[in-house]
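Reproduced below: my_file.tsv, with TSV, C-alpha atoms and all ligand atoms.
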```
chain	number	residue	atom	x	y	z
O	1	MET	CA	73.27	70.18	128.44
O	2	VAL	CA	74.65	73.16	126.53
O	3	THR	CA	71.94	75.82	126.19
O	4	LYS	CA	73.82	78.95	125.12
O	5	CYS	CA	75.32	79.84	121.80
O	6	VAL	CA	77.41	82.92	121.00
O	7	PHE	CA	77.29	84.54	117.57
O	8	PRO	CA	80.17	87.03	117.10
O	9	VAL	CA	78.82	89.31	114.37
O	10	ALA	CA	80.78	92.51	114.95
O	11	GLY	CA	83.03	92.14	111.88
O	12	TYR	CA	82.87	94.58	108.97
O	13	GLY	CA	82.57	92.02	106.17
O	14	THR	CA	84.90	94.05	103.97
O	15	ARG	CA	85.11	91.28	101.38
O	16	PHE	CA	81.50	92.02	100.45
O	17	LEU	CA	81.69	95.80	100.11
O	18	PRO	CA	79.71	97.69	99.01
O	19	ALA	CA	76.92	95.22	99.94
O	20	THR	CA	78.00	95.33	103.59
O	21	LYS	CA	78.35	99.11	103.81
O	22	ALA	CA	75.00	99.54	105.57
O	23	MET	CA	73.98	95.89	106.02
O	24	PRO	CA	75.58	93.21	108.22
O	25	LYS	CA	77.40	90.46	106.35
O	26	GLU	CA	75.39	87.94	108.37
O	27	MET	CA	72.17	89.23	106.78
O	28	LEU	CA	73.31	88.36	103.25
O	29	PRO	CA	70.77	85.86	101.96
O	30	ILE	CA	71.52	82.39	100.71
O	31	VAL	CA	68.59	82.42	98.26
O	32	ASN	CA	65.83	83.75	100.57
O	33	LYS	CA	67.18	83.15	104.07
O	34	PRO	CA	69.91	85.22	105.77
O	35	LEU	CA	73.11	83.44	106.73
O	36	VAL	CA	72.53	84.16	110.41
O	37	GLN	CA	69.18	82.36	110.38
O	38	TYR	CA	70.81	79.16	109.12
O	39	GLY	CA	73.25	79.43	112.04
O	40	VAL	CA	70.53	80.03	114.63
O	41	GLU	CA	68.52	77.09	113.26
O	42	GLU	CA	71.58	74.89	113.68
O	43	ALA	CA	72.08	76.08	117.29
O	44	VAL	CA	68.42	75.53	118.23
O	45	GLU	CA	68.51	72.07	116.66
O	46	ALA	CA	71.45	71.33	118.98
O	47	GLY	CA	69.38	72.40	122.01
O	48	MET	CA	71.07	75.81	122.34
O	49	ARG	CA	68.09	78.08	122.70
O	50	ASP	CA	69.78	81.06	124.37
O	51	ILE	CA	71.29	82.94	121.47
O	52	CYS	CA	73.85	85.61	122.44
O	53	PHE	CA	74.91	88.03	119.73
O	54	VAL	CA	78.11	90.04	120.02
O	55	THR	CA	77.25	92.93	117.74
O	56	GLY	CA	78.78	96.20	116.66
O	57	ARG	CA	77.65	99.41	115.03
O	58	GLY	CA	75.38	98.99	112.01
O	59	LYS	CA	74.09	95.54	113.00
O	60	ARG	CA	70.54	96.49	113.91
O	61	ALA	CA	69.08	94.51	111.02
O	62	ILE	CA	70.01	91.32	112.90
O	63	GLU	CA	67.96	92.39	115.95
O	64	ASP	CA	65.06	93.34	113.71
O	65	HIS	CA	65.20	90.01	111.91
O	66	PHE	CA	64.61	88.12	115.17
O	67	ASP	CA	61.78	90.42	116.23
O	68	VAL	CA	58.16	90.92	115.16
O	69	SER	CA	57.73	93.16	112.12
O	70	PHE	CA	54.33	94.50	113.13
O	71	GLU	CA	53.45	96.54	110.03
O	72	LEU	CA	54.57	93.86	107.60
O	73	GLU	CA	52.85	91.05	109.47
O	74	THR	CA	49.59	93.00	109.77
O	75	GLN	CA	49.76	93.81	106.08
O	76	ILE	CA	50.16	90.20	104.89
O	77	ALA	CA	47.97	88.56	107.58
O	78	GLY	CA	45.52	86.12	106.00
O	79	SER	CA	47.31	86.12	102.63
O	80	GLY	CA	49.36	83.29	101.15
O	81	LYS	CA	52.51	85.30	101.81
O	82	GLU	CA	52.31	84.59	105.54
O	83	ALA	CA	53.70	81.10	104.98
O	84	ALA	CA	57.08	82.57	104.06
O	85	LEU	CA	57.47	83.82	107.63
O	86	GLU	CA	56.65	80.52	109.33
O	87	GLY	CA	60.26	79.38	109.71
O	88	ILE	CA	61.49	82.57	111.36
O	89	ARG	CA	58.37	82.79	113.58
O	90	THR	CA	58.92	79.26	114.87
O	91	LEU	CA	62.57	80.04	115.52
O	92	MET	CA	61.60	83.16	117.49
O	93	GLU	CA	59.29	81.06	119.67
O	94	GLN	CA	61.94	78.41	120.26
O	95	ALA	CA	64.83	80.68	121.16
O	96	SER	CA	65.59	83.78	123.21
O	97	PHE	CA	67.95	86.45	121.94
O	98	SER	CA	70.39	88.64	123.85
O	99	TYR	CA	72.75	91.26	122.51
O	100	THR	CA	75.96	92.80	123.71
O	101	ARG	CA	78.34	95.08	121.90
O	102	GLN	CA	81.99	94.77	121.03
O	103	ASN	CA	83.00	98.43	121.01
O	104	GLU	CA	86.34	97.86	119.36
O	105	MET	CA	87.24	95.28	116.73
O	106	LYS	CA	89.95	93.49	118.66
O	107	GLY	CA	89.58	90.04	117.16
O	108	LEU	CA	87.51	86.90	117.59
O	109	GLY	CA	89.02	86.08	121.00
O	110	HIS	CA	88.04	89.52	122.26
O	111	ALA	CA	84.53	89.18	120.80
O	112	ILE	CA	84.07	85.92	122.73
O	113	LEU	CA	85.37	87.57	125.92
O	114	VAL	CA	82.75	90.30	125.50
O	115	SER	CA	80.04	87.60	125.73
O	116	ARG	CA	81.27	86.45	129.17
O	117	ARG	CA	78.51	88.14	131.16
O	118	LEU	CA	75.80	86.72	128.93
O	119	VAL	CA	77.27	83.22	129.02
O	120	GLY	CA	78.29	82.95	132.68
O	121	ASP	CA	80.08	79.91	134.03
O	122	GLU	CA	78.86	77.20	131.69
O	123	PRO	CA	79.90	75.55	128.42
O	124	PHE	CA	78.63	77.28	125.29
O	125	GLY	CA	78.56	76.97	121.53
O	126	VAL	CA	80.07	79.49	119.12
O	127	VAL	CA	78.87	79.96	115.55
O	128	LEU	CA	80.59	82.10	112.96
O	129	ALA	CA	77.56	82.60	110.77
O	130	ASP	CA	79.58	83.18	107.61
O	131	ASP	CA	80.49	79.49	107.72
O	132	LEU	CA	77.34	77.77	106.50
O	133	CYS	CA	77.22	74.13	107.59
O	134	LEU	CA	74.70	71.72	106.14
O	135	ASN	CA	74.14	68.05	106.82
O	136	PRO	CA	70.84	67.19	105.16
O	137	GLY	CA	69.26	64.05	106.54
O	138	GLY	CA	71.57	64.00	109.58
O	139	ASP	CA	72.33	66.04	112.68
O	140	GLY	CA	73.72	69.53	112.25
O	141	VAL	CA	77.37	70.13	113.09
O	142	LEU	CA	76.65	71.78	116.47
O	143	ALA	CA	74.38	68.89	117.48
O	144	GLN	CA	77.19	66.46	116.61
O	145	MET	CA	79.58	68.52	118.74
O	146	ALA	CA	77.12	68.77	121.66
O	147	ARG	CA	76.97	64.96	121.76
O	148	LEU	CA	80.74	64.75	121.92
O	149	HIS	CA	80.87	67.38	124.64
O	150	ALA	CA	78.43	65.36	126.73
O	151	GLN	CA	80.88	62.47	126.44
O	152	PHE	CA	84.23	64.25	126.93
O	153	ARG	CA	83.26	67.43	128.86
O	154	CYS	CA	85.97	69.47	127.17
O	155	SER	CA	86.22	72.14	124.46
O	156	ILE	CA	85.63	70.91	120.93
O	157	VAL	CA	86.57	72.58	117.64
O	158	ALA	CA	85.18	71.49	114.28
O	159	VAL	CA	87.89	70.75	111.70
O	160	MET	CA	88.08	69.82	108.04
O	161	GLU	CA	90.85	68.78	105.70
O	162	VAL	CA	91.92	71.56	103.34
O	163	PRO	CA	94.47	71.60	100.51
O	164	GLN	CA	97.92	72.95	101.35
O	165	GLU	CA	97.51	76.08	99.22
O	166	GLU	CA	94.51	77.12	101.36
O	167	ILE	CA	95.70	76.10	104.83
O	168	GLY	CA	97.34	79.48	105.53
O	169	ALA	CA	93.89	81.11	105.78
O	170	TYR	CA	92.86	79.06	108.83
O	171	GLY	CA	93.64	78.11	112.40
O	172	VAL	CA	95.38	74.73	112.08
O	173	ILE	CA	95.67	71.96	114.68
O	174	ALA	CA	98.25	69.36	115.59
O	175	GLY	CA	97.24	66.40	117.71
O	176	GLU	CA	96.89	62.70	118.42
O	177	ALA	CA	94.12	60.73	116.73
O	178	ILE	CA	91.69	59.09	119.14
O	179	SER	CA	89.45	57.69	116.42
O	180	ASP	CA	88.75	58.26	112.71
O	181	ASP	CA	87.02	61.57	113.36
O	182	LEU	CA	88.41	62.71	116.71
O	183	ILE	CA	91.82	64.18	117.56
O	184	ARG	CA	93.14	65.32	120.90
O	185	VAL	CA	94.68	68.71	120.16
O	186	THR	CA	98.28	69.28	121.28
O	187	ASP	CA	98.97	72.50	119.40
O	188	MET	CA	97.24	75.13	117.31
O	189	VAL	CA	98.54	77.85	114.98
O	190	GLU	CA	96.62	80.74	113.44
O	191	LYS	CA	97.19	81.30	109.71
O	192	PRO	CA	100.49	79.40	109.44
O	193	ASP	CA	102.92	79.60	106.57
O	194	PRO	CA	101.59	76.66	104.47
O	195	ALA	CA	105.03	75.02	104.44
O	196	GLU	CA	105.05	75.01	108.24
O	197	ALA	CA	101.41	74.07	108.90
O	198	PRO	CA	101.30	71.32	111.55
O	199	SER	CA	98.60	69.38	109.63
O	200	ASN	CA	95.99	69.77	106.90
O	201	LEU	CA	93.20	70.09	109.50
O	202	ALA	CA	91.68	73.56	109.54
O	203	VAL	CA	89.37	74.89	112.23
O	204	ILE	CA	86.03	76.13	110.89
O	205	GLY	CA	83.49	78.45	112.50
O	206	ARG	CA	81.93	76.03	114.99
O	207	TYR	CA	83.21	75.70	118.56
O	208	LEU	CA	81.96	74.26	121.79
O	209	LEU	CA	83.89	75.89	124.61
O	210	THR	CA	84.21	75.30	128.33
O	211	PRO	CA	84.02	78.54	130.36
O	212	ASP	CA	87.66	78.45	131.52
O	213	ILE	CA	88.36	79.79	128.00
O	214	PHE	CA	87.40	83.28	129.24
O	215	GLY	CA	90.32	83.44	131.71
O	216	LEU	CA	92.63	82.09	129.03
O	217	ILE	CA	91.50	84.76	126.55
O	218	GLU	CA	92.10	87.42	129.22
O	219	ALA	CA	95.64	86.12	129.60
O	220	THR	CA	96.22	86.15	125.83
O	221	GLU	CA	98.29	88.98	124.44
O	222	ALA	CA	97.19	90.76	121.30
O	223	GLY	CA	98.94	89.56	118.14
O	224	LYS	CA	100.72	91.53	115.43
O	225	ASN	CA	97.61	93.32	114.16
O	226	GLY	CA	96.32	94.12	117.67
O	227	GLU	CA	93.79	91.26	117.57
O	228	ILE	CA	93.27	88.79	120.39
O	229	GLN	CA	93.14	85.40	118.72
O	230	LEU	CA	90.83	82.67	119.99
O	231	THR	CA	93.36	80.22	118.56
O	232	ASP	CA	95.99	81.35	121.11
O	233	ALA	CA	93.61	80.81	124.05
O	234	LEU	CA	92.60	77.41	122.64
O	235	ARG	CA	96.25	76.40	122.35
O	236	ALA	CA	96.73	77.23	126.04
O	237	GLN	CA	93.57	75.28	126.88
O	238	ALA	CA	94.79	72.29	124.85
O	239	GLN	CA	98.13	72.33	126.67
O	240	GLN	CA	96.72	72.85	130.18
O	241	GLY	CA	93.52	70.85	129.90
O	242	CYS	CA	91.74	69.28	126.99
O	243	VAL	CA	90.60	70.36	123.54
O	244	MET	CA	89.27	67.88	120.99
O	245	ALA	CA	89.12	68.45	117.24
O	246	TYR	CA	86.22	66.82	115.46
O	247	LYS	CA	86.01	66.01	111.76
O	248	PHE	CA	82.34	66.86	111.39
O	249	LYS	CA	79.83	65.16	109.13
O	250	GLY	CA	78.32	67.44	106.53
O	251	ARG	CA	79.38	70.19	104.20
O	252	ARG	CA	80.76	73.64	105.02
O	253	PHE	CA	80.65	76.67	102.76
O	254	ASP	CA	82.92	79.66	103.38
O	255	CYS	CA	80.29	82.34	102.85
O	256	GLY	CA	82.69	85.01	104.12
O	257	SER	CA	84.31	84.83	100.67
O	258	VAL	CA	82.56	85.57	97.39
O	259	PRO	CA	83.32	82.19	95.72
O	260	GLY	CA	82.11	80.25	98.81
O	261	PHE	CA	79.02	82.39	99.01
O	262	MET	CA	78.19	81.71	95.36
O	263	GLU	CA	78.79	77.99	95.81
O	264	ALA	CA	76.43	77.92	98.81
O	265	THR	CA	73.81	79.89	96.91
O	266	ASN	CA	73.90	77.53	93.93
O	267	HIS	CA	73.91	74.47	96.18
O	268	CYS	CA	70.93	75.65	98.26
O	269	TYR	CA	69.00	76.74	95.19
O	270	ASP	CA	69.51	73.33	93.53
O	271	THR	CA	68.85	71.36	96.74
O	272	PHE	CA	66.01	73.24	98.42
O	273	PHE	CA	64.34	75.60	95.99
O	274	LYS	CA	64.52	74.66	92.32
O	275	ASN	CA	61.83	72.04	92.47
O	276	GLY	CA	59.68	73.83	95.03
O	301	LIG	P1	86.33	87.61	109.76
O	301	LIG	O1	87.62	88.34	109.81
O	301	LIG	O2	86.17	86.46	108.87
O	301	LIG	O3	85.11	88.58	109.44
O	301	LIG	O4	85.96	87.21	111.27
O	301	LIG	P2	85.01	90.05	108.95
O	301	LIG	O5	86.06	90.92	109.55
O	301	LIG	O6	83.59	90.44	109.19
O	301	LIG	O7	85.15	89.88	107.37
O	301	LIG	P3	86.14	90.54	106.28
O	301	LIG	O8	87.39	89.74	106.36
O	301	LIG	O9	86.30	92.00	106.62
O	301	LIG	O10	85.39	90.34	104.99
O	301	LIG	C1	85.35	85.97	111.60
O	301	LIG	C2	84.12	86.18	112.46
O	301	LIG	O11	84.45	86.81	113.69
O	301	LIG	C3	83.68	87.97	113.90
O	301	LIG	C4	83.18	88.39	112.52
O	301	LIG	O12	81.93	89.06	112.63
O	301	LIG	C5	83.05	87.06	111.79
O	301	LIG	O13	81.81	86.42	112.06
O	301	LIG	N1	84.53	88.98	114.55
O	301	LIG	C6	85.83	89.14	114.16
O	301	LIG	C7	84.02	89.76	115.57
O	301	LIG	O14	82.83	89.64	115.94
O	301	LIG	N2	84.84	90.68	116.18
O	301	LIG	C8	86.15	90.86	115.81
O	301	LIG	O15	86.84	91.72	116.41
O	301	LIG	C9	86.64	90.05	114.78
```
Mind turning the file's structure into structure tokens?
Ligand code: UTP
Amino acid sequence: MVTKCVFPVAGYGTRFLPATKAMPKEMLPIVNKPLVQYGVEEAVEAGMRDICFVTGRGKRAIEDHFDVSFELETQIAGSGKEAALEGIRTLMEQASFSYTRQNEMKGLGHAILVSRRLVGDEPFGVVLADDLCLNPGGDGVLAQMARLHAQFRCSIVAVMEVPQEEIGAYGVIAGEAISDDLIRVTDMVEKPDPAEAPSNLAVIGRYLLTPDIFGLIEATEAGKNGEIQLTDALRAQAQQGCVMAYKFKGRRFDCGSVPGFMEATNHCYDTFFKNG
């Protein structure tokens, strides 16, 4: 069983400046709940109760969010307002939270490598909290991936079909179909030229990784902008061992971009809030 989940949250969130000048991008609310809480709920639902954050400077609000707010809670104790904290309180009881820092922004691969000591030698989930994944009435995306991992025992990346004009913004896979929703990955390219993309299947911010990925990240050279790409380590893993790509069930919103964030906000308001 996979019990650990890594949340790389060291990024600057420049697309949301000035909102993210003093506040982590992951704390931006979709209506009344921060993005990161949706991600942690999804991890806990998948049985991953050890939450490992890879943070950076200016991310303290995330630690405070998953801690008791003594003054506030004393102030509203016994009032109707307490109910609004039930969800986060339950989550805090269900999960444990650890933090480590990425001192330099050297890419997603590097951020994952920084979590090595917290994760140890076991498979683990990865959530990029700015991808909001919802599957109302069914299992969350990480839970779907955990089931597949139990069956195949290899790394799994969540993928979705995207139009050609958008494919250049993603890691893109090539592979052999095993079933309607499962592909054995043979190659992977980060942000390809759309004309040369190996498929229309883009990797989104949900991964389930086997721990040999750490050694592969260590062996990965930094790319053109000095960043160590997780995609490069995954390509090596796919070629030496096994990586599966899974067309998940549910809907994903790119909340790292303003249009995706607005779409998620409108969707969640209409679905969960408008009618109480
Ligand atoms: P992004 O590049 O989408 O996030 O990285 P960003 O840099 O925060 O956003 P913009 O582009 O400036 O608006 C994807 C994820 O990887 C994490 C980010 O926090 C984000 O969740 N990340 C990226 C790290 O933790 N460390 C890194 O060095 C790079």
query: In Å, how far is it from atom C4 of ligand LIG 301 (chain O) to CA of Lys25 (chain O)?
result: 8.7 Å
Draw an axis-aligned box tight on the listed atoms of region 80-97 of chain O, then pad every side by 5 Å and write out centre and edge lengths in Å to one decimal as lines of an AutoDock Vina configuration file.
```
center_x = 58.7
center_y = 82.4
center_z = 112.2
size_x = 28.6
size_y = 18.0
size_z = 32.1
```
Listing only residues of chain O within 7 Å of ligand LIG 301 (chain O), what is the closest atom pair and its distance in Å (to one decimal) for each, using all atoms listed in the file, sorted by chain and residue number ascending, as CSV?
```
residue,atom,partner,partner_atom,distance
O:Pro8,CA,O:LIG301,O14,3.9
O:Val9,CA,O:LIG301,O12,3.6
O:Ala10,CA,O:LIG301,O14,3.7
O:Gly11,CA,O:LIG301,O6,3.2
O:Tyr12,CA,O:LIG301,O6,4.2
O:Gly13,CA,O:LIG301,O10,3.5
O:Thr14,CA,O:LIG301,O9,3.6
O:Arg15,CA,O:LIG301,O10,3.7
O:Phe16,CA,O:LIG301,O10,6.2
O:Lys25,CA,O:LIG301,O6,6.8
O:Val54,CA,O:LIG301,O14,6.3
O:Thr55,CA,O:LIG301,O14,6.7
O:Gln102,CA,O:LIG301,N2,7.0
O:Glu104,CA,O:LIG301,O15,6.8
O:Met105,CA,O:LIG301,O15,3.6
O:Lys106,CA,O:LIG301,O15,4.2
O:Gly107,CA,O:LIG301,O15,3.3
O:Leu108,CA,O:LIG301,C9,4.3
O:His110,CA,O:LIG301,O15,6.4
O:Ala111,CA,O:LIG301,N2,4.9
O:Leu128,CA,O:LIG301,O13,4.6
O:Ala129,CA,O:LIG301,O13,5.9
O:Asp130,CA,O:LIG301,O13,5.9
O:Gly256,CA,O:LIG301,O10,6.0
```
task: Extract, using all atoms listed in the file, all DNA, RNA and protein residues at most 6 Å from Pro123 (chain O), discarding same-chain residues fewer than 3 positions from it, and format them as a ChimeraX atom specification.
output: /O:209-211
task: Tell me, as a PyMOL selection string, which residues lie within 12 Å of Arg60 (chain O), counting only C-alpha atoms; anything in the same chain fewer than 3 positions away does not count.
output: chain O and resi 9-10+22-27+53-57+63-67+99-101
Please rebuild region 27-39 of chain O with N, CA and C atoms and return the result as a PDB file, keeping the file's coordinate frame.
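And here is the file that came out, rebuild.pdb:
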```
ATOM      1  N   MET O  27      73.527  89.131 107.331  1.00  0.00           N
ATOM      2  CA  MET O  27      72.170  89.230 106.780  1.00  0.00           C
ATOM      3  C   MET O  27      72.155  88.967 105.270  1.00  0.00           C
ATOM      4  N   LEU O  28      73.311  88.718 104.676  1.00  0.00           N
ATOM      5  CA  LEU O  28      73.310  88.360 103.250  1.00  0.00           C
ATOM      6  C   LEU O  28      72.515  87.087 103.080  1.00  0.00           C
ATOM      7  N   PRO O  29      71.605  87.059 102.093  1.00  0.00           N
ATOM      8  CA  PRO O  29      70.770  85.860 101.960  1.00  0.00           C
ATOM      9  C   PRO O  29      71.407  84.775 101.116  1.00  0.00           C
ATOM     10  N   ILE O  30      71.257  83.544 101.567  1.00  0.00           N
ATOM     11  CA  ILE O  30      71.520  82.390 100.710  1.00  0.00           C
ATOM     12  C   ILE O  30      70.141  82.035 100.158  1.00  0.00           C
ATOM     13  N   VAL O  31      69.895  82.410  98.924  1.00  0.00           N
ATOM     14  CA  VAL O  31      68.590  82.420  98.260  1.00  0.00           C
ATOM     15  C   VAL O  31      67.652  83.351  99.058  1.00  0.00           C
ATOM     16  N   ASN O  32      66.770  82.835  99.907  1.00  0.00           N
ATOM     17  CA  ASN O  32      65.830  83.750 100.570  1.00  0.00           C
ATOM     18  C   ASN O  32      65.954  83.758 102.092  1.00  0.00           C
ATOM     19  N   LYS O  33      67.039  83.199 102.615  1.00  0.00           N
ATOM     20  CA  LYS O  33      67.180  83.150 104.070  1.00  0.00           C
ATOM     21  C   LYS O  33      68.553  83.716 104.455  1.00  0.00           C
ATOM     22  N   PRO O  34      68.596  84.657 105.412  1.00  0.00           N
ATOM     23  CA  PRO O  34      69.910  85.220 105.770  1.00  0.00           C
ATOM     24  C   PRO O  34      70.806  84.190 106.422  1.00  0.00           C
ATOM     25  N   LEU O  35      72.098  84.355 106.178  1.00  0.00           N
ATOM     26  CA  LEU O  35      73.110  83.440 106.730  1.00  0.00           C
ATOM     27  C   LEU O  35      72.903  83.205 108.222  1.00  0.00           C
ATOM     28  N   VAL O  36      72.627  84.276 108.954  1.00  0.00           N
ATOM     29  CA  VAL O  36      72.530  84.160 110.410  1.00  0.00           C
ATOM     30  C   VAL O  36      71.370  83.253 110.819  1.00  0.00           C
ATOM     31  N   GLN O  37      70.311  83.220 110.022  1.00  0.00           N
ATOM     32  CA  GLN O  37      69.180  82.360 110.380  1.00  0.00           C
ATOM     33  C   GLN O  37      69.540  80.883 110.250  1.00  0.00           C
ATOM     34  N   TYR O  38      70.331  80.551 109.224  1.00  0.00           N
ATOM     35  CA  TYR O  38      70.810  79.160 109.120  1.00  0.00           C
ATOM     36  C   TYR O  38      71.583  78.788 110.386  1.00  0.00           C
ATOM     37  N   GLY O  39      72.426  79.702 110.852  1.00  0.00           N
ATOM     38  CA  GLY O  39      73.250  79.430 112.040  1.00  0.00           C
ATOM     39  C   GLY O  39      72.387  79.256 113.287  1.00  0.00           C
TER      40      GLY O  39
END
```
